[in-house]
file data-v1.txt (compact mmCIF, C-alpha atoms and all ligand atoms)
# COMPACT_ATOMS: atom_id res chain seq x y z
CA MET W 20 -9.34 -42.41 23.10
CA ARG W 21 -11.84 -43.70 25.61
CA LYS W 22 -13.95 -46.75 26.26
CA SER W 23 -17.68 -46.19 26.69
CA ARG W 24 -19.34 -46.37 30.12
CA LYS W 25 -23.11 -46.31 29.49
CA ASN W 26 -24.15 -48.08 26.27
CA ILE W 27 -25.24 -45.69 23.52
CA GLY W 28 -26.22 -47.12 20.16
CA ILE W 29 -27.73 -46.25 16.80
CA ILE W 30 -31.46 -47.05 16.83
CA GLY W 31 -32.39 -45.65 13.41
CA LEU W 32 -30.70 -44.84 10.10
CA GLY W 33 -31.75 -42.98 6.96
CA PHE W 34 -30.22 -41.39 3.89
CA TYR W 35 -31.07 -39.26 0.90
CA VAL W 36 -29.28 -38.48 -2.34
CA PRO W 37 -30.53 -36.05 -5.00
CA LYS W 38 -32.17 -37.47 -8.12
CA LYS W 39 -29.78 -35.91 -10.65
CA VAL W 40 -26.93 -38.23 -11.67
CA LEU W 41 -23.74 -36.72 -13.11
CA THR W 42 -21.71 -39.40 -14.87
CA ASN W 43 -18.04 -39.44 -15.82
CA LYS W 44 -19.20 -39.22 -19.44
CA ASP W 45 -21.06 -35.99 -18.57
CA LEU W 46 -17.84 -34.60 -17.06
CA GLU W 47 -15.96 -35.36 -20.29
CA GLY W 48 -18.05 -32.59 -21.84
CA MET W 49 -17.22 -30.12 -19.05
CA VAL W 50 -13.44 -30.45 -18.42
CA ASP W 51 -10.44 -32.16 -20.05
CA THR W 52 -10.93 -35.59 -18.48
CA SER W 53 -12.09 -39.09 -19.37
CA ASP W 54 -14.23 -41.82 -17.88
CA GLU W 55 -11.16 -44.06 -18.07
CA TRP W 56 -8.98 -41.61 -16.04
CA ILE W 57 -11.60 -41.01 -13.36
CA THR W 58 -12.44 -44.72 -13.03
CA THR W 59 -8.87 -45.96 -12.77
CA ARG W 60 -7.59 -43.09 -10.53
CA THR W 61 -10.60 -42.89 -8.19
CA GLY W 62 -13.11 -45.74 -8.72
CA ILE W 63 -15.87 -43.14 -9.13
CA LYS W 64 -18.38 -43.69 -11.98
CA GLU W 65 -21.06 -41.16 -11.09
CA ARG W 66 -22.20 -38.76 -8.37
CA ARG W 67 -25.46 -37.05 -7.36
CA ILE W 68 -26.00 -33.31 -7.78
CA ALA W 69 -28.58 -31.33 -5.80
CA GLY W 70 -31.22 -29.39 -7.71
CA PRO W 71 -31.51 -25.58 -7.55
CA THR W 72 -34.20 -25.71 -4.84
CA GLU W 73 -32.21 -28.16 -2.69
CA SER W 74 -29.81 -27.05 0.02
CA THR W 75 -27.91 -28.90 2.74
CA SER W 76 -30.87 -28.57 5.13
CA THR W 77 -33.34 -30.07 2.64
CA LEU W 78 -30.99 -33.00 1.96
CA ALA W 79 -30.62 -33.43 5.74
CA PHE W 80 -34.40 -33.23 6.20
CA ASN W 81 -35.06 -36.15 3.84
CA ALA W 82 -32.41 -38.28 5.53
CA ALA W 83 -33.69 -37.33 9.00
CA LYS W 84 -37.30 -38.32 8.21
CA ASP W 85 -36.06 -41.72 7.03
CA ALA W 86 -33.97 -42.22 10.19
CA LEU W 87 -36.76 -41.15 12.56
CA LYS W 88 -39.14 -43.60 10.86
CA ASP W 89 -36.58 -46.37 11.26
CA ALA W 90 -36.13 -45.45 14.95
CA LYS W 91 -39.92 -45.24 15.43
CA LEU W 92 -39.54 -41.82 17.03
CA ALA W 93 -41.40 -38.55 16.47
CA PRO W 94 -39.47 -35.32 15.83
CA GLU W 95 -40.62 -34.04 19.26
CA ASP W 96 -38.74 -36.94 20.89
CA LEU W 97 -35.40 -35.48 19.83
CA ASP W 98 -33.38 -33.65 22.49
CA LEU W 99 -30.37 -32.88 20.31
CA ILE W 100 -29.66 -32.36 16.60
CA ILE W 101 -26.10 -32.17 15.28
CA VAL W 102 -25.58 -31.45 11.59
CA ALA W 103 -22.05 -32.21 10.45
CA THR W 104 -21.33 -30.18 7.32
CA ILE W 105 -18.81 -27.99 5.53
CA THR W 106 -21.49 -26.67 3.18
CA PRO W 107 -24.02 -25.15 5.59
CA ASP W 108 -27.09 -23.36 4.20
CA MET W 109 -25.54 -20.13 5.50
CA ALA W 110 -22.56 -19.17 7.71
CA PHE W 111 -25.25 -18.60 10.32
CA PRO W 112 -27.78 -19.56 11.58
CA ALA W 113 -26.68 -23.19 11.89
CA THR W 114 -28.14 -25.60 9.34
CA ALA W 115 -29.34 -27.63 12.34
CA CYS W 116 -31.69 -24.72 13.20
CA PHE W 117 -33.27 -24.78 9.73
CA LEU W 118 -33.61 -28.53 10.04
CA GLN W 119 -35.25 -28.30 13.46
CA GLU W 120 -37.95 -26.07 12.01
CA MET W 121 -38.53 -28.33 8.98
CA LEU W 122 -38.85 -31.40 11.20
CA GLY W 123 -40.86 -29.73 13.95
CA ALA W 124 -38.31 -31.02 16.47
CA LYS W 125 -39.09 -28.19 18.86
CA ASN W 126 -37.55 -29.83 21.94
CA ALA W 127 -34.08 -30.25 20.44
CA ALA W 128 -30.93 -28.26 21.10
CA CYS W 129 -29.23 -27.72 17.73
CA PHE W 130 -25.78 -26.98 16.40
CA ASP W 131 -23.55 -27.65 13.40
CA MET W 132 -20.22 -29.42 13.50
CA SER W 133 -17.37 -28.57 11.15
CA ALA W 134 -15.04 -31.55 10.92
CA ALA W 135 -15.11 -32.06 7.14
CA CYS W 136 -15.18 -35.72 6.05
CA ALA W 137 -14.81 -36.88 9.67
CA GLY W 138 -17.82 -34.75 10.69
CA PHE W 139 -20.31 -37.60 11.01
CA ILE W 140 -18.00 -39.54 13.34
CA TYR W 141 -17.15 -36.39 15.36
CA GLY W 142 -20.93 -35.84 15.61
CA LEU W 143 -21.66 -39.41 16.71
CA VAL W 144 -19.03 -39.26 19.45
CA THR W 145 -20.26 -35.84 20.65
CA ALA W 146 -23.86 -37.05 20.81
CA GLN W 147 -22.73 -40.21 22.60
CA LYS W 148 -21.17 -38.08 25.36
CA PHE W 149 -24.36 -36.02 25.83
CA LEU W 150 -26.41 -39.22 26.06
CA GLN W 151 -23.94 -40.98 28.35
CA SER W 152 -24.00 -38.08 30.76
CA GLY W 153 -27.79 -38.35 30.92
CA THR W 154 -28.26 -34.78 29.67
CA TYR W 155 -30.29 -36.02 26.70
CA LYS W 156 -32.12 -39.20 25.73
CA ASN W 157 -32.48 -39.11 21.93
CA ALA W 158 -30.06 -37.47 19.51
CA LEU W 159 -30.06 -37.07 15.73
CA VAL W 160 -26.69 -36.86 14.00
CA ILE W 161 -26.54 -36.05 10.30
CA GLY W 162 -23.76 -35.77 7.77
CA ALA W 163 -25.12 -33.58 4.97
CA GLU W 164 -23.35 -31.83 2.10
CA LYS W 165 -24.11 -29.88 -1.03
CA LEU W 166 -20.50 -30.00 -2.21
CA SER W 167 -21.59 -29.10 -5.74
CA SER W 168 -22.06 -25.54 -4.40
CA VAL W 169 -18.33 -25.19 -3.58
CA THR W 170 -16.94 -27.31 -6.44
CA ASP W 171 -15.02 -25.54 -9.20
CA TRP W 172 -16.55 -27.01 -12.34
CA GLN W 173 -13.57 -25.74 -14.35
CA ASP W 174 -10.96 -27.57 -12.22
CA ARG W 175 -10.51 -31.17 -13.38
CA ASN W 176 -8.29 -31.91 -10.37
CA THR W 177 -11.26 -31.63 -8.00
CA CYS W 178 -14.59 -31.52 -9.84
CA VAL W 179 -14.54 -35.21 -10.71
CA LEU W 180 -14.33 -36.22 -7.05
CA PHE W 181 -17.30 -34.77 -5.18
CA GLY W 182 -21.06 -35.28 -4.86
CA ASP W 183 -24.09 -34.30 -2.76
CA GLY W 184 -26.10 -36.29 -0.20
CA ALA W 185 -27.06 -36.80 3.43
CA GLY W 186 -27.04 -39.66 5.96
CA ALA W 187 -28.70 -39.62 9.38
CA ALA W 188 -28.48 -41.66 12.58
CA VAL W 189 -30.68 -41.59 15.69
CA LEU W 190 -28.79 -42.38 18.87
CA ALA W 191 -30.20 -43.49 22.23
CA PRO W 192 -29.23 -45.59 25.26
CA VAL W 193 -29.25 -49.33 24.47
CA GLU W 194 -29.04 -52.45 26.64
CA ASN W 195 -25.97 -53.99 25.02
CA GLY W 196 -23.34 -53.04 22.50
CA GLY W 197 -23.58 -49.67 20.80
CA ILE W 198 -20.51 -47.44 20.45
CA LEU W 199 -17.73 -49.41 22.16
CA ALA W 200 -14.87 -46.99 21.55
CA SER W 201 -13.74 -44.13 19.39
CA TYR W 202 -10.67 -42.19 18.43
CA LEU W 203 -10.68 -38.60 17.14
CA GLY W 204 -7.65 -36.65 15.96
CA CYS W 205 -6.42 -33.51 14.23
CA ASP W 206 -3.22 -32.10 12.77
CA GLY W 207 -3.76 -28.38 12.23
CA SER W 208 -0.33 -27.95 10.63
CA MET W 209 -1.77 -29.25 7.35
CA THR W 210 -4.75 -26.95 6.86
CA GLU W 211 -3.40 -25.75 3.50
CA LEU W 212 -3.77 -29.18 1.86
CA LEU W 213 -7.55 -28.92 1.54
CA MET W 214 -9.67 -25.81 2.01
CA GLN W 215 -12.25 -23.34 0.72
CA PRO W 216 -10.11 -20.21 1.14
CA ALA W 217 -12.64 -17.36 0.83
CA GLY W 218 -15.93 -16.44 2.41
CA GLY W 219 -14.87 -16.52 6.05
CA SER W 220 -13.40 -13.81 8.28
CA ARG W 221 -9.86 -14.37 7.01
CA MET W 222 -10.76 -13.67 3.38
CA PRO W 223 -14.24 -12.14 3.18
CA ALA W 224 -16.10 -12.30 -0.11
CA SER W 225 -15.12 -9.60 -2.61
CA ARG W 226 -15.11 -9.15 -6.37
CA GLN W 227 -11.46 -10.25 -6.28
CA THR W 228 -12.14 -13.49 -4.38
CA VAL W 229 -14.88 -14.36 -6.86
CA ASP W 230 -12.66 -13.54 -9.88
CA ASP W 231 -9.85 -15.64 -8.35
CA ARG W 232 -12.25 -18.58 -7.79
CA MET W 233 -11.36 -18.63 -4.10
CA HIS W 234 -14.83 -19.73 -2.98
CA PHE W 235 -14.22 -23.21 -4.36
CA ILE W 236 -12.47 -26.28 -2.93
CA LYS W 237 -8.68 -26.17 -3.30
CA MET W 238 -6.83 -29.41 -2.75
CA ARG W 239 -3.30 -30.81 -3.01
CA GLY W 240 -4.68 -34.23 -3.93
CA ASN W 241 -1.55 -36.29 -4.04
CA GLU W 242 -0.38 -35.25 -0.56
CA VAL W 243 -3.89 -35.80 0.87
CA PHE W 244 -3.94 -39.22 -0.79
CA LYS W 245 -0.77 -40.48 0.97
CA LEU W 246 -1.76 -39.10 4.38
CA ALA W 247 -5.27 -40.58 4.12
CA ILE W 248 -3.89 -44.12 3.84
CA LYS W 249 -1.59 -43.76 6.85
CA ILE W 250 -4.02 -41.88 9.09
CA MET W 251 -7.16 -43.93 8.34
CA SER W 252 -5.50 -47.26 9.05
CA ASP W 253 -3.92 -45.88 12.24
CA ALA W 254 -7.21 -44.35 13.51
CA ALA W 255 -9.17 -47.58 12.99
CA CYS W 256 -6.53 -49.67 14.79
CA ARG W 257 -6.41 -47.23 17.73
CA ALA W 258 -10.20 -47.29 18.16
CA LEU W 259 -10.19 -51.12 18.02
CA LYS W 260 -7.38 -51.31 20.56
CA ALA W 261 -9.31 -49.02 22.92
CA CYS W 262 -12.02 -51.70 23.23
CA LYS W 263 -9.55 -54.61 23.16
CA LEU W 264 -10.52 -55.76 19.68
CA GLY W 265 -8.38 -56.40 16.61
CA VAL W 266 -8.78 -56.12 12.84
CA GLU W 267 -9.81 -59.81 12.75
CA ASP W 268 -12.90 -58.94 14.85
CA ILE W 269 -14.31 -56.53 12.24
CA ASP W 270 -17.49 -57.77 10.52
CA CYS W 271 -18.12 -54.63 8.47
CA PHE W 272 -15.67 -51.79 7.85
CA ILE W 273 -17.28 -48.56 6.68
CA PRO W 274 -14.63 -46.09 5.58
CA HIS W 275 -14.99 -42.56 4.26
CA GLN W 276 -15.60 -43.02 0.54
CA ALA W 277 -13.03 -40.71 -1.08
CA ASN W 278 -11.16 -42.85 -3.56
CA MET W 279 -11.16 -46.59 -4.26
CA ARG W 280 -7.34 -46.64 -4.41
CA ILE W 281 -7.15 -45.13 -0.90
CA LEU W 282 -9.55 -47.80 0.40
CA ASP W 283 -7.59 -50.61 -1.29
CA ALA W 284 -4.38 -49.34 0.29
CA VAL W 285 -6.00 -48.96 3.75
CA ALA W 286 -7.28 -52.55 3.50
CA ARG W 287 -3.81 -53.83 2.57
CA LYS W 288 -2.16 -51.86 5.39
CA MET W 289 -4.66 -53.18 7.95
CA LYS W 290 -4.62 -56.71 6.45
CA LEU W 291 -8.38 -56.47 6.18
CA PRO W 292 -10.09 -58.62 3.48
CA LEU W 293 -11.91 -56.47 0.90
CA GLU W 294 -15.13 -58.50 1.46
CA LYS W 295 -15.36 -56.90 4.92
CA ILE W 296 -15.45 -53.38 3.49
CA TYR W 297 -18.58 -51.59 2.31
CA PHE W 298 -17.95 -49.52 -0.83
CA ASN W 299 -20.28 -47.11 -2.58
CA VAL W 300 -17.76 -44.57 -3.90
CA ALA W 301 -18.53 -45.64 -7.50
CA LYS W 302 -22.14 -44.41 -7.18
CA TYR W 303 -21.74 -41.23 -5.16
CA GLY W 304 -18.11 -40.02 -5.18
CA ASN W 305 -16.85 -38.19 -2.11
CA MET W 306 -19.75 -36.62 -0.16
CA SER W 307 -17.53 -35.46 2.75
CA SER W 308 -19.41 -35.81 6.07
CA ALA W 309 -22.32 -37.54 4.30
CA ALA W 310 -20.16 -40.31 2.82
CA THR W 311 -19.67 -42.43 5.94
CA ALA W 312 -23.26 -41.80 7.05
CA VAL W 313 -24.78 -42.85 3.72
CA ALA W 314 -22.49 -45.90 3.49
CA LEU W 315 -23.47 -47.01 7.00
CA CYS W 316 -27.16 -46.63 6.20
CA GLU W 317 -26.88 -48.47 2.87
CA ALA W 318 -24.90 -51.31 4.47
CA TYR W 319 -27.57 -51.63 7.16
CA LYS W 320 -30.51 -51.47 4.71
CA CYS W 321 -29.05 -54.10 2.39
CA GLY W 322 -28.42 -56.54 5.25
CA ARG W 323 -24.62 -56.27 5.37
CA ILE W 324 -24.86 -55.44 9.09
CA ARG W 325 -26.58 -57.80 11.53
CA GLY W 326 -27.21 -57.81 15.27
CA GLY W 327 -23.99 -58.44 17.22
CA ASP W 328 -21.69 -57.42 14.32
CA ILE W 329 -18.62 -55.32 14.99
CA VAL W 330 -18.85 -52.32 12.67
CA VAL W 331 -15.97 -49.86 12.30
CA LEU W 332 -16.49 -46.35 10.91
CA ASP W 333 -13.35 -44.57 9.78
CA ALA W 334 -12.92 -41.14 8.17
CA PHE W 335 -10.39 -38.48 7.35
CA GLY W 336 -10.57 -35.02 5.83
CA ALA W 337 -9.73 -31.31 5.72
CA GLY W 338 -8.09 -29.97 8.86
CA LEU W 339 -6.59 -32.43 8.79
CA VAL W 340 -9.05 -34.25 11.04
CA TRP W 341 -9.83 -37.90 11.43
CA GLY W 342 -12.03 -40.20 13.48
CA ALA W 343 -12.88 -43.85 13.95
CA ALA W 344 -15.66 -45.51 15.94
CA VAL W 345 -16.21 -49.16 16.85
CA ILE W 346 -19.87 -50.10 17.15
CA GLN W 347 -21.39 -53.39 18.21
CA TRP W 348 -24.66 -53.51 16.30
CA GLN W 349 -27.60 -54.06 18.64
CA LYS W 350 -30.62 -53.96 16.32
N1 LIG R 401 -8.65 -36.08 -15.67
C1 LIG R 401 -7.50 -36.28 -16.33
N2 LIG R 401 -6.30 -35.98 -15.80
C2 LIG R 401 -6.29 -35.44 -14.57
C3 LIG R 401 -7.44 -35.20 -13.84
C4 LIG R 401 -8.67 -35.53 -14.45
N3 LIG R 401 -9.85 -35.34 -13.83
N4 LIG R 401 -7.12 -34.67 -12.64
C5 LIG R 401 -5.78 -34.58 -12.61
N5 LIG R 401 -5.27 -35.04 -13.77
C6 LIG R 401 -3.88 -35.13 -14.16
C7 LIG R 401 -3.00 -34.13 -13.44
O1 LIG R 401 -3.05 -32.87 -14.07
C8 LIG R 401 -1.66 -34.79 -13.54
O2 LIG R 401 -1.14 -34.49 -14.82
P1 LIG R 401 0.43 -34.16 -15.03
O3 LIG R 401 1.16 -35.39 -14.57
O4 LIG R 401 0.53 -33.90 -16.50
O5 LIG R 401 0.69 -32.97 -14.16
C9 LIG R 401 -1.97 -36.28 -13.52
O6 LIG R 401 -3.38 -36.39 -13.82
C10 LIG R 401 -1.66 -36.98 -12.20
O7 LIG R 401 -2.10 -36.18 -11.14
P2 LIG R 401 -1.91 -36.63 -9.65
O8 LIG R 401 -2.43 -35.53 -8.78
O9 LIG R 401 -0.52 -37.11 -9.41
O10 LIG R 401 -2.85 -37.91 -9.61
P3 LIG R 401 -3.18 -38.85 -8.42
O11 LIG R 401 -2.81 -40.23 -8.76
O12 LIG R 401 -2.70 -38.32 -7.11
O13 LIG R 401 -4.78 -38.79 -8.39
C11 LIG R 401 -6.49 -37.73 -7.10
C12 LIG R 401 -5.40 -37.57 -8.16
C13 LIG R 401 -7.08 -36.37 -6.79
C14 LIG R 401 -7.55 -38.65 -7.65
C15 LIG R 401 -5.87 -38.35 -5.84
O14 LIG R 401 -4.72 -37.65 -5.49
C16 LIG R 401 -6.81 -38.37 -4.68
O15 LIG R 401 -7.80 -39.07 -4.69
N6 LIG R 401 -6.44 -37.66 -3.62
C17 LIG R 401 -7.22 -37.63 -2.40
C18 LIG R 401 -8.47 -36.88 -2.64
C19 LIG R 401 -9.34 -36.91 -1.45
O16 LIG R 401 -9.65 -37.96 -1.00
N7 LIG R 401 -9.70 -35.75 -0.98
C20 LIG R 401 -10.61 -35.59 0.08
C21 LIG R 401 -10.04 -36.07 1.35
S1 LIG R 401 -11.31 -36.54 2.32

call {"tool": "encode", "arguments": {"input": "data-v1.txt", "output": "structure tokens"}}
result
Amino acid sequence: MRKSRKNIGIIGLGFYVPKKVLTNKDLEGMVDTSDEWITTRTGIKERRIAGPTESTSTLAFNAAKDALKDAKLAPEDLDLIIVATITPDMAFPATACFLQEMLGAKNAACFDMSAACAGFIYGLVTAQKFLQSGTYKNALVIGAEKLSSVTDWQDRNTCVLFGDGAGAAVLAPVENGGILASYLGCDGSMTELLMQPAGGSRMPASRQTVDDRMHFIKMRGNEVFKLAIKIMSDAACRALKACKLGVEDIDCFIPHQANMRILDAVARKMKLPLEKIYFNVAKYGNMSSAATAVALCEAYKCGRIRGGDIVVLDAFGAGLVWGAAVIQWQK
């Protein structure tokens, strides 16, 4: 937990979601579920699914172009690209390297960040430190996921929850405001609650891992649900405290969009009015690292965020990891 020294802010935002919409009704024909169950248990109505020629880097590319345009920067102006993702194009090279080539951002150092649903906030805070130190001037941070590629379409416990998309932010030094404070955390004792077991060095791909469906997301949803409420409200309050602000100072709260019931409970726990929260979980489901990024961009584009506003980003995911950031909007 640390208060910022030099002011670093978001000077451009962009997002992209694939064209294909998968509704709850569509899922009724795929697994034993119902629109009524999904809506009441999660708040999700539909999600976007990437096409066969789309990958995480192409989703990221579309979001990045939008963000660079908003920031009025050229790709060559970027010194750093961080792609937060748990569904990289490949184990290596980093998806950020593919993206650099697509953008023509030849002056940028590039790496991926694996912090699941908190990845975009981990990325923002990492970029902020590079910019504060003066190492770099302009950074691009993207949360991008093709979760449909690791979703088990035979498992009703998980397949109704996830979707694909990408959100991008350009960061640079600003006169006033910007990222005021942040709080990042992890509890590695709970890795088994949410994971993609196979495909890494611990369980390399084999005929057996494919037969056992071990390359898909495995989740103990109910346990994750309870922890999410406790940890997200705690993370947001800690980040606010670090810059001497309180819940009453929040103008727009942008949480990770996993489940409407989690967000309702977080709001109650924090005593935060629902009108202060930006929701889009109904349209996109849980897009992991892309969820917070897309929600921030949508909130900004539809005028929910204005200059001077206190915006709080808050996310939680596999690891378990979590992060919150308090931003005073300067645009
Ligand atoms: N359709 C119909 N029934 C379903 C279903 C579906 N898609 N998925 C699960 N069920 C059933 C279960 O089999 C269970 O049936 P049973 O009681 O006969 O065993 C029942 O619904 C209740 O399951 P439970 O897991 O207790 O439900 P829940 O209230 O916890 O809701 C989640 C399930 C997954 C929606 C919820 O736990 C959740 O959102 N968890 C967090 C997910 C998340 O955010 N993950 C990412 C973290 S970033």

call {"tool": "atom_distance", "arguments": {"input": "data-v1.txt", "atom1": "CA of Asp131 (chain W)", "atom2": "CA of Leu92 (chain W)"}}
result
21.7 Å

call {"tool": "residues_near_ligand", "arguments": {"input": "data-v1.txt", "ligand": "ligand LIG 401 (chain R)", "cutoff": "6 Å", "atoms": "all atoms listed in the file", "output": "NGL selection string"}}
result
:W and (52-53 or 56-57 or 60-61 or 136 or 175-176 or 179 or 240-241 or 243-244 or 277-278 or 335-336)

call {"tool": "write_last_selection", "arguments": {"input": "data-v1.txt", "atoms": "C-alpha atoms", "output": "short mmCIF file (atom, residue, chain, number, x, y, z; two decimals), in the frame of the given file"}}
result
data_model
loop_
_atom_site.label_atom_id
_atom_site.label_comp_id
_atom_site.auth_asym_id
_atom_site.auth_seq_id
_atom_site.Cartn_x
_atom_site.Cartn_y
_atom_site.Cartn_z
CA THR W 52 -10.93 -35.59 -18.48
CA SER W 53 -12.09 -39.09 -19.37
CA TRP W 56 -8.98 -41.61 -16.04
CA ILE W 57 -11.60 -41.01 -13.36
CA ARG W 60 -7.59 -43.09 -10.53
CA THR W 61 -10.60 -42.89 -8.19
CA CYS W 136 -15.18 -35.72 6.05
CA ARG W 175 -10.51 -31.17 -13.38
CA ASN W 176 -8.29 -31.91 -10.37
CA VAL W 179 -14.54 -35.21 -10.71
CA GLY W 240 -4.68 -34.23 -3.93
CA ASN W 241 -1.55 -36.29 -4.04
CA VAL W 243 -3.89 -35.80 0.87
CA PHE W 244 -3.94 -39.22 -0.79
CA ALA W 277 -13.03 -40.71 -1.08
CA ASN W 278 -11.16 -42.85 -3.56
CA PHE W 335 -10.39 -38.48 7.35
CA GLY W 336 -10.57 -35.02 5.83
#

call {"tool": "closest_atom_pairs", "arguments": {"input": "data-v1.txt", "of": "region 115-186 of chain W", "to": "region 310-333 of chain W", "cutoff": "9 Å", "atoms": "only C-alpha atoms", "output": "tab-separated table"}}
result
residue	atom	partner	partner_atom	distance
W:Cys136	CA	W:Ala310	CA	7.5
W:Ala137	CA	W:Asp333	CA	7.8
W:Phe139	CA	W:Ala312	CA	6.5
W:Ile140	CA	W:Leu332	CA	7.4
W:Ile161	CA	W:Ala312	CA	7.4
W:Gly162	CA	W:Ala312	CA	6.1
W:Ala163	CA	W:Ala310	CA	8.6
W:Gly184	CA	W:Val313	CA	7.8
W:Ala185	CA	W:Val313	CA	6.5
W:Gly186	CA	W:Ala312	CA	4.5

call {"tool": "closest_residue", "arguments": {"input": "data-v1.txt", "among": "W:Thr75, W:Asn81, W:Thr106, W:Thr42", "to": "Leu122 (chain W)", "atoms": "all atoms listed in the file"}}
result
W:Asn81

call {"tool": "closest_residue", "arguments": {"input": "data-v1.txt", "among": "W:Ser168, W:Ile346, W:His234, W:Tyr35", "to": "Met222 (chain W)", "atoms": "only C-alpha atoms"}}
result
W:His234

call {"tool": "atom_distance", "arguments": {"input": "data-v1.txt", "atom1": "CA of Phe130 (chain W)", "atom2": "CA of Ile100 (chain W)"}}
result
6.6 Å

call {"tool": "residues_around", "arguments": {"input": "data-v1.txt", "residues": "Lys260 (chain W)", "least_positions_apart": "2", "cutoff": "10 Å", "atoms": "only C-alpha atoms", "output": "list in words"}}
result
Met20, Lys22, Ala200, Ser201, Tyr202, Ala254, Ala255, Cys256, Arg257, Ala258, Cys262, Lys263, Leu264, Gly265, Val266 and Val345 of chain W

call {"tool": "atom_distance", "arguments": {"input": "data-v1.txt", "atom1": "CA of Thr154 (chain W)", "atom2": "CA of Ser307 (chain W)"}}
result
29.0 Å

call {"tool": "residues_around", "arguments": {"input": "data-v1.txt", "residues": "Ala146 (chain W)", "least_positions_apart": "6", "cutoff": "9 Å", "atoms": "only C-alpha atoms", "output": "list in words"}}
result
Leu99, Ile100, Ile101, Tyr155, Asn157, Ala158, Leu159, Val160 and Leu190 of chain W

call {"tool": "closest_residue", "arguments": {"input": "data-v1.txt", "among": "W:Gln147, W:Ser208, W:Thr59, W:Gln173", "to": "Val189 (chain W)", "atoms": "all atoms listed in the file"}}
result
W:Gln147

call {"tool": "closest_residue", "arguments": {"input": "data-v1.txt", "among": "W:Asp171, W:Asp230, W:Asp206, W:Glu211", "to": "Met49 (chain W)", "atoms": "all atoms listed in the file"}}
result
W:Asp171

call {"tool": "closest_residue", "arguments": {"input": "data-v1.txt", "among": "W:Asp54, W:Asp89, W:Asp270, W:Asp45", "to": "Leu32 (chain W)", "atoms": "only C-alpha atoms"}}
result
W:Asp89

call {"tool": "closest_residue", "arguments": {"input": "data-v1.txt", "among": "W:Leu293, W:Ala110, W:Val169, W:Ala93", "to": "Met233 (chain W)", "atoms": "only C-alpha atoms"}}
result
W:Val169

call {"tool": "residues_around", "arguments": {"input": "data-v1.txt", "residues": "Leu339 (chain W)", "least_positions_apart": "3", "cutoff": "12 Å", "atoms": "only C-alpha atoms", "output": "PyMOL selection string"}}
result
chain W and resi 133-138+203-214+238+242-243+246-247+250-251+334-336+342

call {"tool": "write_last_selection", "arguments": {"input": "data-v1.txt", "atoms": "C-alpha atoms", "output": "PDB file, in the coordinates of the input"}}
result
ATOM      1  CA  SER W 133     -17.370 -28.570  11.150  1.00  0.00           C
ATOM      2  CA  ALA W 134     -15.040 -31.550  10.920  1.00  0.00           C
ATOM      3  CA  ALA W 135     -15.110 -32.060   7.140  1.00  0.00           C
ATOM      4  CA  CYS W 136     -15.180 -35.720   6.050  1.00  0.00           C
ATOM      5  CA  ALA W 137     -14.810 -36.880   9.670  1.00  0.00           C
ATOM      6  CA  GLY W 138     -17.820 -34.750  10.690  1.00  0.00           C
ATOM      7  CA  LEU W 203     -10.680 -38.600  17.140  1.00  0.00           C
ATOM      8  CA  GLY W 204      -7.650 -36.650  15.960  1.00  0.00           C
ATOM      9  CA  CYS W 205      -6.420 -33.510  14.230  1.00  0.00           C
ATOM     10  CA  ASP W 206      -3.220 -32.100  12.770  1.00  0.00           C
ATOM     11  CA  GLY W 207      -3.760 -28.380  12.230  1.00  0.00           C
ATOM     12  CA  SER W 208      -0.330 -27.950  10.630  1.00  0.00           C
ATOM     13  CA  MET W 209      -1.770 -29.250   7.350  1.00  0.00           C
ATOM     14  CA  THR W 210      -4.750 -26.950   6.860  1.00  0.00           C
ATOM     15  CA  GLU W 211      -3.400 -25.750   3.500  1.00  0.00           C
ATOM     16  CA  LEU W 212      -3.770 -29.180   1.860  1.00  0.00           C
ATOM     17  CA  LEU W 213      -7.550 -28.920   1.540  1.00  0.00           C
ATOM     18  CA  MET W 214      -9.670 -25.810   2.010  1.00  0.00           C
ATOM     19  CA  MET W 238      -6.830 -29.410  -2.750  1.00  0.00           C
ATOM     20  CA  GLU W 242      -0.380 -35.250  -0.560  1.00  0.00           C
ATOM     21  CA  VAL W 243      -3.890 -35.800   0.870  1.00  0.00           C
ATOM     22  CA  LEU W 246      -1.760 -39.100   4.380  1.00  0.00           C
ATOM     23  CA  ALA W 247      -5.270 -40.580   4.120  1.00  0.00           C
ATOM     24  CA  ILE W 250      -4.020 -41.880   9.090  1.00  0.00           C
ATOM     25  CA  MET W 251      -7.160 -43.930   8.340  1.00  0.00           C
ATOM     26  CA  ALA W 334     -12.920 -41.140   8.170  1.00  0.00           C
ATOM     27  CA  PHE W 335     -10.390 -38.480   7.350  1.00  0.00           C
ATOM     28  CA  GLY W 336     -10.570 -35.020   5.830  1.00  0.00           C
ATOM     29  CA  GLY W 342     -12.030 -40.200  13.480  1.00  0.00           C
TER      30      GLY W 342
END

call {"tool": "residues_around", "arguments": {"input": "data-v1.txt", "residues": "Lys25 (chain W)", "least_positions_apart": "6", "cutoff": "12 Å", "atoms": "only C-alpha atoms", "output": "list of chain:residue names"}}
result
W:Gln147, W:Lys148, W:Phe149, W:Leu150, W:Gln151, W:Ser152, W:Gly153, W:Ala191, W:Pro192, W:Val193, W:Glu194, W:Asn195, W:Gly196, W:Gly197, W:Ile198, W:Leu199, W:Ala200
